[in-house]
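J.: Okay, handing you the structure first.
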Amino acid sequence: MALANNSLHFKITGILLVFFVAAFAAIGLTLFTSWQLKGAAAAINDAGSLRMGTYRIAWIVEQGEGGGLAPAAAASRLAGEMARFELVLEGLLAGNPQRPLAVPRGEAIREDLAGLSASWYADIRPALVRLIEASGPDAAAFARAPVDADAMVDRIDDIVRRMEHRYSEETAWLRGSQILLVFMAI
């Protein structure tokens with residue numbers, strides 16, 4: 001009789017231990033996912049600010065070409081806007097756990113961000129730097145600046161949409177794990 005009671009005791013303890021471990025793992029994963037979601041929201045916000053930065057760069061180039069800014073003033077503003085754009089782009093690529101800022105998981109998103117960065121540093125930035133460094137840039141120099149804002153914004157929009165999609169997938173996973181925890185508690 002003592003052996004039977006002991007066996008029942010071990011079975012109940014084992015079942016409770018399994019539920020405890022599963023609940024603990026689900027809680028840990030829920031916390032981890034919620035932290036990543038918080039970082040993803042910041043990444044989506046920063047990626048969206050790249051769109052605005054692209055439009056500001058294009059506007060400054062347009063104003064230097066024949067708008068309301070003197071070419072020297074436009075060159076100065078362009079340098080500042082490029083620095084802000086690069087700061088955001090580098091932040092997206094590197095992430096920041098203290099903020100938190102983290103690009104949603106998925107190699108395609110990271111590859112597209114890396115491609116955007118490569119395009120910026122290989123093509124667009126060097127031409128804009130040449131424009132800024134030209135001694136006394138004139139309106140004609142601004143007219144030759146290679147800023148195709150619409151194509152750049154479309155590329156950024158695609159990255160933002162995929163980030164948002166991944167964010168919604170992770171949110172659904174988080175809700176599912178929370179529902180699992182509720183059922184385990186019942």
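Ligands are numbered from 1 in the order shown, chains are lettered A, B, ... in the order of the structure tokens, and residues start at 1 in each chain.
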Which residues of region 95-124 of chain A have any atom within 12 Å of an atom in region 155-160 of chain A when counting only C-alpha atoms, and what is the closest pair of atoms for each, with the distance in Å to one decimal? Order the rows by chain and rising number and write it as CSV.
T.:
```
residue,atom,partner,partner_atom,distance
A:Val103,CA,A:Val160,CA,10.1
A:Pro104,CA,A:Val160,CA,10.3
A:Gly106,CA,A:Ile159,CA,11.3
A:Glu107,CA,A:Ile159,CA,11.7
A:Ala108,CA,A:Ile159,CA,9.1
A:Ile109,CA,A:Ile159,CA,6.3
A:Arg110,CA,A:Ile159,CA,9.0
A:Glu111,CA,A:Ile159,CA,9.9
A:Asp112,CA,A:Ile159,CA,6.9
A:Leu113,CA,A:Ile159,CA,7.3
A:Ala114,CA,A:Ile159,CA,10.9
A:Gly115,CA,A:Arg155,CA,9.9
A:Leu116,CA,A:Arg155,CA,7.8
A:Ser117,CA,A:Ile156,CA,10.8
A:Ser119,CA,A:Arg155,CA,10.9
A:Trp120,CA,A:Arg155,CA,11.8
```
J.: Report as JSON, numbers by chain all protein, DNA and RNA residues lying within 12 Å of Met52 (chain A), evaluated on only C-alpha atoms, omitting residues in the same chain fewer than 2 positions from it.
T.: {"A": [45, 46, 47, 48, 49, 50, 54, 55, 56, 57, 58, 59, 81, 82, 84, 85, 88, 149, 150, 152, 153, 154, 156, 157]}
J.: Could you dump the residues just selected with C-alpha atoms as a PDB file, in the first residue's frame?
T.:
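Final output, saved to part-v1.pdb:
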```
ATOM      1  CA  ASN A  45       9.243  54.246 -36.235  1.00  0.00           C
ATOM      2  CA  ASP A  46      12.882  54.851 -37.167  1.00  0.00           C
ATOM      3  CA  ALA A  47      12.490  53.196 -40.567  1.00  0.00           C
ATOM      4  CA  GLY A  48       9.510  55.457 -41.181  1.00  0.00           C
ATOM      5  CA  SER A  49      11.655  58.453 -40.283  1.00  0.00           C
ATOM      6  CA  LEU A  50      14.033  57.428 -43.082  1.00  0.00           C
ATOM      7  CA  THR A  54      14.659  61.129 -47.862  1.00  0.00           C
ATOM      8  CA  TYR A  55      12.008  63.722 -48.652  1.00  0.00           C
ATOM      9  CA  ARG A  56      13.891  66.381 -46.679  1.00  0.00           C
ATOM     10  CA  ILE A  57      17.090  65.614 -48.605  1.00  0.00           C
ATOM     11  CA  ALA A  58      15.208  65.827 -51.902  1.00  0.00           C
ATOM     12  CA  TRP A  59      13.554  69.084 -50.823  1.00  0.00           C
ATOM     13  CA  GLU A  81      20.196  66.054 -42.969  1.00  0.00           C
ATOM     14  CA  MET A  82      22.554  63.416 -44.346  1.00  0.00           C
ATOM     15  CA  ARG A  84      20.651  62.472 -39.332  1.00  0.00           C
ATOM     16  CA  PHE A  85      19.716  59.987 -42.055  1.00  0.00           C
ATOM     17  CA  VAL A  88      19.028  56.456 -38.058  1.00  0.00           C
ATOM     18  CA  ALA A 149      13.229  60.323 -53.643  1.00  0.00           C
ATOM     19  CA  ASP A 150      10.251  58.325 -54.899  1.00  0.00           C
ATOM     20  CA  MET A 152      14.117  55.478 -52.291  1.00  0.00           C
ATOM     21  CA  VAL A 153      10.876  55.995 -50.369  1.00  0.00           C
ATOM     22  CA  ASP A 154       9.269  53.042 -52.154  1.00  0.00           C
ATOM     23  CA  ILE A 156      11.912  52.103 -47.475  1.00  0.00           C
ATOM     24  CA  ASP A 157       8.117  51.623 -47.541  1.00  0.00           C
TER      25      ASP A 157
END
```
J.: With distances taken over only C-alpha atoms, which residue among A:Met184, A:Leu8, A:Trp35, A:Gly53 lies nearest Val21 (chain A)?
T.: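 The shortest atom-to-atom distance to Val21 (chain A) comes from A:Met184.
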J.: Which is closer to Gln36 (chain A) than all the others in A:Leu101, A:Ala79, A:Leu181, A:Met163, using only C-alpha atoms?
T.: A:Leu101
J.: Taking the backbone alone, and naming residues the way the document does, which bits of region 93-137 of chain A are alpha helix (DSSP H) by DSSP, as a list in words?
T.: Leu93, Ala94, Glu107, Ala108, Ile109, Arg110, Glu111, Asp112, Leu113, Ala114, Gly115, Leu116, Ser117, Ala118, Ser119, Arg125, Pro126, Ala127, Leu128, Val129, Arg130, Leu131, Ile132 and Glu133 of chain A
J.: Mind writing the picked residues with N, CA and C atoms as a tab-separated table (two decimals), in the first residue's frame?
T.:
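Writing the result to part-v1.tsv gives the following:
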```tsv
chain	number	residue	atom	x	y	z
A	93	LEU	N	20.56	49.21	-38.34
A	93	LEU	CA	21.43	48.08	-38.65
A	93	LEU	C	22.04	47.48	-37.39
A	94	ALA	N	22.43	48.32	-36.44
A	94	ALA	CA	23.12	47.84	-35.24
A	94	ALA	C	22.16	47.45	-34.12
A	107	GLU	N	15.58	37.32	-41.98
A	107	GLU	CA	16.76	37.66	-42.77
A	107	GLU	C	16.44	38.60	-43.93
A	108	ALA	N	15.26	38.47	-44.53
A	108	ALA	CA	14.92	39.31	-45.68
A	108	ALA	C	14.89	40.78	-45.29
A	109	ILE	N	14.37	41.07	-44.11
A	109	ILE	CA	14.31	42.47	-43.66
A	109	ILE	C	15.72	43.00	-43.43
A	110	ARG	N	16.54	42.23	-42.77
A	110	ARG	CA	17.92	42.65	-42.49
A	110	ARG	C	18.71	42.82	-43.80
A	111	GLU	N	18.49	41.90	-44.74
A	111	GLU	CA	19.19	41.99	-46.03
A	111	GLU	C	18.76	43.24	-46.79
A	112	ASP	N	17.47	43.56	-46.75
A	112	ASP	CA	16.99	44.76	-47.44
A	112	ASP	C	17.53	46.03	-46.79
A	113	LEU	N	17.62	46.03	-45.47
A	113	LEU	CA	18.22	47.18	-44.79
A	113	LEU	C	19.70	47.32	-45.17
A	114	ALA	N	20.39	46.19	-45.22
A	114	ALA	CA	21.80	46.21	-45.63
A	114	ALA	C	21.93	46.69	-47.08
A	115	GLY	N	21.01	46.27	-47.94
A	115	GLY	CA	21.01	46.73	-49.34
A	115	GLY	C	20.73	48.22	-49.45
A	116	LEU	N	19.81	48.71	-48.64
A	116	LEU	CA	19.52	50.14	-48.61
A	116	LEU	C	20.75	50.91	-48.16
A	117	SER	N	21.40	50.41	-47.13
A	117	SER	CA	22.62	51.04	-46.64
A	117	SER	C	23.72	51.02	-47.70
A	118	ALA	N	23.88	49.90	-48.37
A	118	ALA	CA	24.91	49.79	-49.41
A	118	ALA	C	24.63	50.78	-50.54
A	119	SER	N	23.37	50.90	-50.94
A	119	SER	CA	22.99	51.84	-52.00
A	119	SER	C	23.27	53.28	-51.56
A	125	ARG	N	25.17	58.82	-51.31
A	125	ARG	CA	25.99	59.64	-50.41
A	125	ARG	C	27.21	60.25	-51.10
A	126	PRO	N	28.00	59.45	-51.85
A	126	PRO	CA	29.18	60.06	-52.48
A	126	PRO	C	28.83	61.23	-53.41
A	127	ALA	N	27.75	61.12	-54.15
A	127	ALA	CA	27.35	62.21	-55.04
A	127	ALA	C	26.93	63.44	-54.24
A	128	LEU	N	26.22	63.23	-53.13
A	128	LEU	CA	25.81	64.36	-52.32
A	128	LEU	C	27.01	64.99	-51.61
A	129	VAL	N	27.96	64.19	-51.20
A	129	VAL	CA	29.17	64.73	-50.57
A	129	VAL	C	29.96	65.56	-51.57
A	130	ARG	N	30.07	65.07	-52.79
A	130	ARG	CA	30.75	65.86	-53.83
A	130	ARG	C	30.07	67.21	-54.01
A	131	LEU	N	28.74	67.20	-53.99
A	131	LEU	CA	27.98	68.43	-54.12
A	131	LEU	C	28.28	69.38	-52.96
A	132	ILE	N	28.29	68.86	-51.75
A	132	ILE	CA	28.55	69.69	-50.57
A	132	ILE	C	29.97	70.23	-50.59
A	133	GLU	N	30.93	69.38	-50.97
A	133	GLU	CA	32.34	69.78	-50.93
A	133	GLU	C	32.76	70.65	-52.11
```
J.: For Arg162 (chain A), which residue out of A:Leu78, A:Ala185, A:Ala40, A:Ala134 is the nearest one, using only C-alpha atoms?
T.: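 Closest residue, counting only C-alpha atoms: A:Ala40.
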J.: Do you have the CA of Glu90 (chain A)-CA of Ala75 (chain A) distance handy?
T.: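 We find that CA of Glu90 (chain A) and CA of Ala75 (chain A) lie 22.3 Å from each other.
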J.: Which residues, written as a PDB file with all heavy atoms, in the first residue's frame, have at least one atom at most 8 Å from region 22-30 of chain A, with only C-alpha atoms counted and residues fewer than 2 positions away on the same chain left out?
T.:
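Written file, result.pdb:
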```
ATOM      1  N   VAL A  18       5.967  19.104 -14.672  1.00  0.00           N
ATOM      2  CA  VAL A  18       5.889  19.334 -16.120  1.00  0.00           C
ATOM      3  C   VAL A  18       5.096  20.607 -16.403  1.00  0.00           C
ATOM      4  O   VAL A  18       5.506  21.457 -17.212  1.00  0.00           O
ATOM      5  CB  VAL A  18       5.281  18.109 -16.844  1.00  0.00           C
ATOM      6  CG1 VAL A  18       4.906  18.452 -18.272  1.00  0.00           C
ATOM      7  CG2 VAL A  18       6.240  16.944 -16.799  1.00  0.00           C
ATOM      8  N   PHE A  19       3.953  20.784 -15.738  1.00  0.00           N
ATOM      9  CA  PHE A  19       3.155  21.988 -15.935  1.00  0.00           C
ATOM     10  C   PHE A  19       3.921  23.228 -15.476  1.00  0.00           C
ATOM     11  O   PHE A  19       3.872  24.277 -16.117  1.00  0.00           O
ATOM     12  CB  PHE A  19       1.813  21.896 -15.197  1.00  0.00           C
ATOM     13  CG  PHE A  19       0.745  21.232 -16.003  1.00  0.00           C
ATOM     14  CD1 PHE A  19       0.330  19.942 -15.707  1.00  0.00           C
ATOM     15  CD2 PHE A  19       0.148  21.890 -17.071  1.00  0.00           C
ATOM     16  CE1 PHE A  19      -0.644  19.330 -16.458  1.00  0.00           C
ATOM     17  CE2 PHE A  19      -0.832  21.286 -17.827  1.00  0.00           C
ATOM     18  CZ  PHE A  19      -1.227  19.995 -17.525  1.00  0.00           C
ATOM     19  N   PHE A  20       4.652  23.119 -14.369  1.00  0.00           N
ATOM     20  CA  PHE A  20       5.440  24.241 -13.875  1.00  0.00           C
ATOM     21  C   PHE A  20       6.510  24.638 -14.887  1.00  0.00           C
ATOM     22  O   PHE A  20       6.686  25.816 -15.197  1.00  0.00           O
ATOM     23  CB  PHE A  20       6.085  23.893 -12.529  1.00  0.00           C
ATOM     24  CG  PHE A  20       7.023  24.947 -12.034  1.00  0.00           C
ATOM     25  CD1 PHE A  20       6.542  26.139 -11.505  1.00  0.00           C
ATOM     26  CD2 PHE A  20       8.393  24.773 -12.118  1.00  0.00           C
ATOM     27  CE1 PHE A  20       7.410  27.120 -11.075  1.00  0.00           C
ATOM     28  CE2 PHE A  20       9.268  25.745 -11.689  1.00  0.00           C
ATOM     29  CZ  PHE A  20       8.774  26.927 -11.160  1.00  0.00           C
ATOM     30  N   PHE A  32      10.218  37.563 -23.398  1.00  0.00           N
ATOM     31  CA  PHE A  32      11.204  37.778 -24.453  1.00  0.00           C
ATOM     32  C   PHE A  32      10.542  38.364 -25.695  1.00  0.00           C
ATOM     33  O   PHE A  32      11.046  39.326 -26.293  1.00  0.00           O
ATOM     34  CB  PHE A  32      11.904  36.451 -24.782  1.00  0.00           C
ATOM     35  CG  PHE A  32      12.901  36.550 -25.899  1.00  0.00           C
ATOM     36  CD1 PHE A  32      14.109  37.192 -25.708  1.00  0.00           C
ATOM     37  CD2 PHE A  32      12.626  36.008 -27.151  1.00  0.00           C
ATOM     38  CE1 PHE A  32      15.035  37.288 -26.733  1.00  0.00           C
ATOM     39  CE2 PHE A  32      13.542  36.099 -28.179  1.00  0.00           C
ATOM     40  CZ  PHE A  32      14.749  36.740 -27.969  1.00  0.00           C
ATOM     41  N   THR A  33       9.410  37.813 -26.089  1.00  0.00           N
ATOM     42  CA  THR A  33       8.706  38.300 -27.278  1.00  0.00           C
ATOM     43  C   THR A  33       8.201  39.719 -27.077  1.00  0.00           C
ATOM     44  O   THR A  33       8.290  40.552 -27.984  1.00  0.00           O
ATOM     45  CB  THR A  33       7.545  37.355 -27.639  1.00  0.00           C
ATOM     46  OG1 THR A  33       8.067  36.045 -27.846  1.00  0.00           O
ATOM     47  CG2 THR A  33       6.826  37.817 -28.888  1.00  0.00           C
ATOM     48  N   SER A  34       7.684  40.007 -25.886  1.00  0.00           N
ATOM     49  CA  SER A  34       7.185  41.369 -25.646  1.00  0.00           C
ATOM     50  C   SER A  34       8.326  42.380 -25.693  1.00  0.00           C
ATOM     51  O   SER A  34       8.154  43.492 -26.181  1.00  0.00           O
ATOM     52  CB  SER A  34       6.435  41.455 -24.320  1.00  0.00           C
ATOM     53  OG  SER A  34       7.302  41.256 -23.227  1.00  0.00           O
ATOM     54  N   LEU A 174       2.461  36.033 -29.471  1.00  0.00           N
ATOM     55  CA  LEU A 174       2.414  36.445 -28.072  1.00  0.00           C
ATOM     56  C   LEU A 174       1.021  36.212 -27.493  1.00  0.00           C
ATOM     57  O   LEU A 174       0.877  35.661 -26.406  1.00  0.00           O
ATOM     58  CB  LEU A 174       2.806  37.915 -27.945  1.00  0.00           C
ATOM     59  CG  LEU A 174       2.772  38.510 -26.541  1.00  0.00           C
ATOM     60  CD1 LEU A 174       3.785  37.822 -25.636  1.00  0.00           C
ATOM     61  CD2 LEU A 174       3.050  40.005 -26.606  1.00  0.00           C
ATOM     62  N   SER A 177       0.464  32.491 -26.919  1.00  0.00           N
ATOM     63  CA  SER A 177       1.138  31.956 -25.734  1.00  0.00           C
ATOM     64  C   SER A 177       0.459  32.431 -24.464  1.00  0.00           C
ATOM     65  O   SER A 177       0.395  31.696 -23.472  1.00  0.00           O
ATOM     66  CB  SER A 177       2.620  32.324 -25.733  1.00  0.00           C
ATOM     67  OG  SER A 177       2.792  33.712 -25.626  1.00  0.00           O
ATOM     68  N   GLN A 178      -0.101  33.618 -24.473  1.00  0.00           N
ATOM     69  CA  GLN A 178      -0.832  34.094 -23.301  1.00  0.00           C
ATOM     70  C   GLN A 178      -2.122  33.297 -23.107  1.00  0.00           C
ATOM     71  O   GLN A 178      -2.499  32.979 -21.974  1.00  0.00           O
ATOM     72  CB  GLN A 178      -1.131  35.585 -23.427  1.00  0.00           C
ATOM     73  CG  GLN A 178       0.110  36.432 -23.294  1.00  0.00           C
ATOM     74  CD  GLN A 178      -0.119  37.885 -23.629  1.00  0.00           C
ATOM     75  OE1 GLN A 178      -1.033  38.241 -24.371  1.00  0.00           O
ATOM     76  NE2 GLN A 178       0.741  38.747 -23.104  1.00  0.00           N
ATOM     77  N   LEU A 181      -1.203  30.103 -21.534  1.00  0.00           N
ATOM     78  CA  LEU A 181      -0.984  30.275 -20.092  1.00  0.00           C
ATOM     79  C   LEU A 181      -2.301  30.308 -19.331  1.00  0.00           C
ATOM     80  O   LEU A 181      -2.401  29.754 -18.231  1.00  0.00           O
ATOM     81  CB  LEU A 181      -0.194  31.554 -19.828  1.00  0.00           C
ATOM     82  CG  LEU A 181       1.289  31.490 -20.098  1.00  0.00           C
ATOM     83  CD1 LEU A 181       1.919  32.888 -19.984  1.00  0.00           C
ATOM     84  CD2 LEU A 181       1.967  30.540 -19.133  1.00  0.00           C
ATOM     85  N   MET A 184      -3.527  26.809 -19.068  1.00  0.00           N
ATOM     86  CA  MET A 184      -2.722  26.050 -18.120  1.00  0.00           C
ATOM     87  C   MET A 184      -3.095  26.409 -16.684  1.00  0.00           C
ATOM     88  O   MET A 184      -3.011  25.562 -15.789  1.00  0.00           O
ATOM     89  CB  MET A 184      -1.231  26.297 -18.356  1.00  0.00           C
ATOM     90  CG  MET A 184      -0.715  25.646 -19.617  1.00  0.00           C
ATOM     91  SD  MET A 184       1.003  26.041 -19.951  1.00  0.00           S
ATOM     92  CE  MET A 184       1.795  25.083 -18.670  1.00  0.00           C
TER      93      MET A 184
END
```
J.: Please compute the CA of Pro71 (chain A)-CA of Leu89 (chain A) distance, one decimal, in Å.
T.: 26.2 Å
J.: What is the CA of Lys38 (chain A) to CA of Gly80 (chain A) distance in Å?
T.: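 Here the two named atoms are 28.8 Å from each other.
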J.: Nearest to Gly64 (chain A) among A:Glu170, A:His9, A:Leu37, A:Ser76, with distances taken over only C-alpha atoms: which residue is it?
T.: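 Result for the nearest residue to Gly64 (chain A): A:Ser76.
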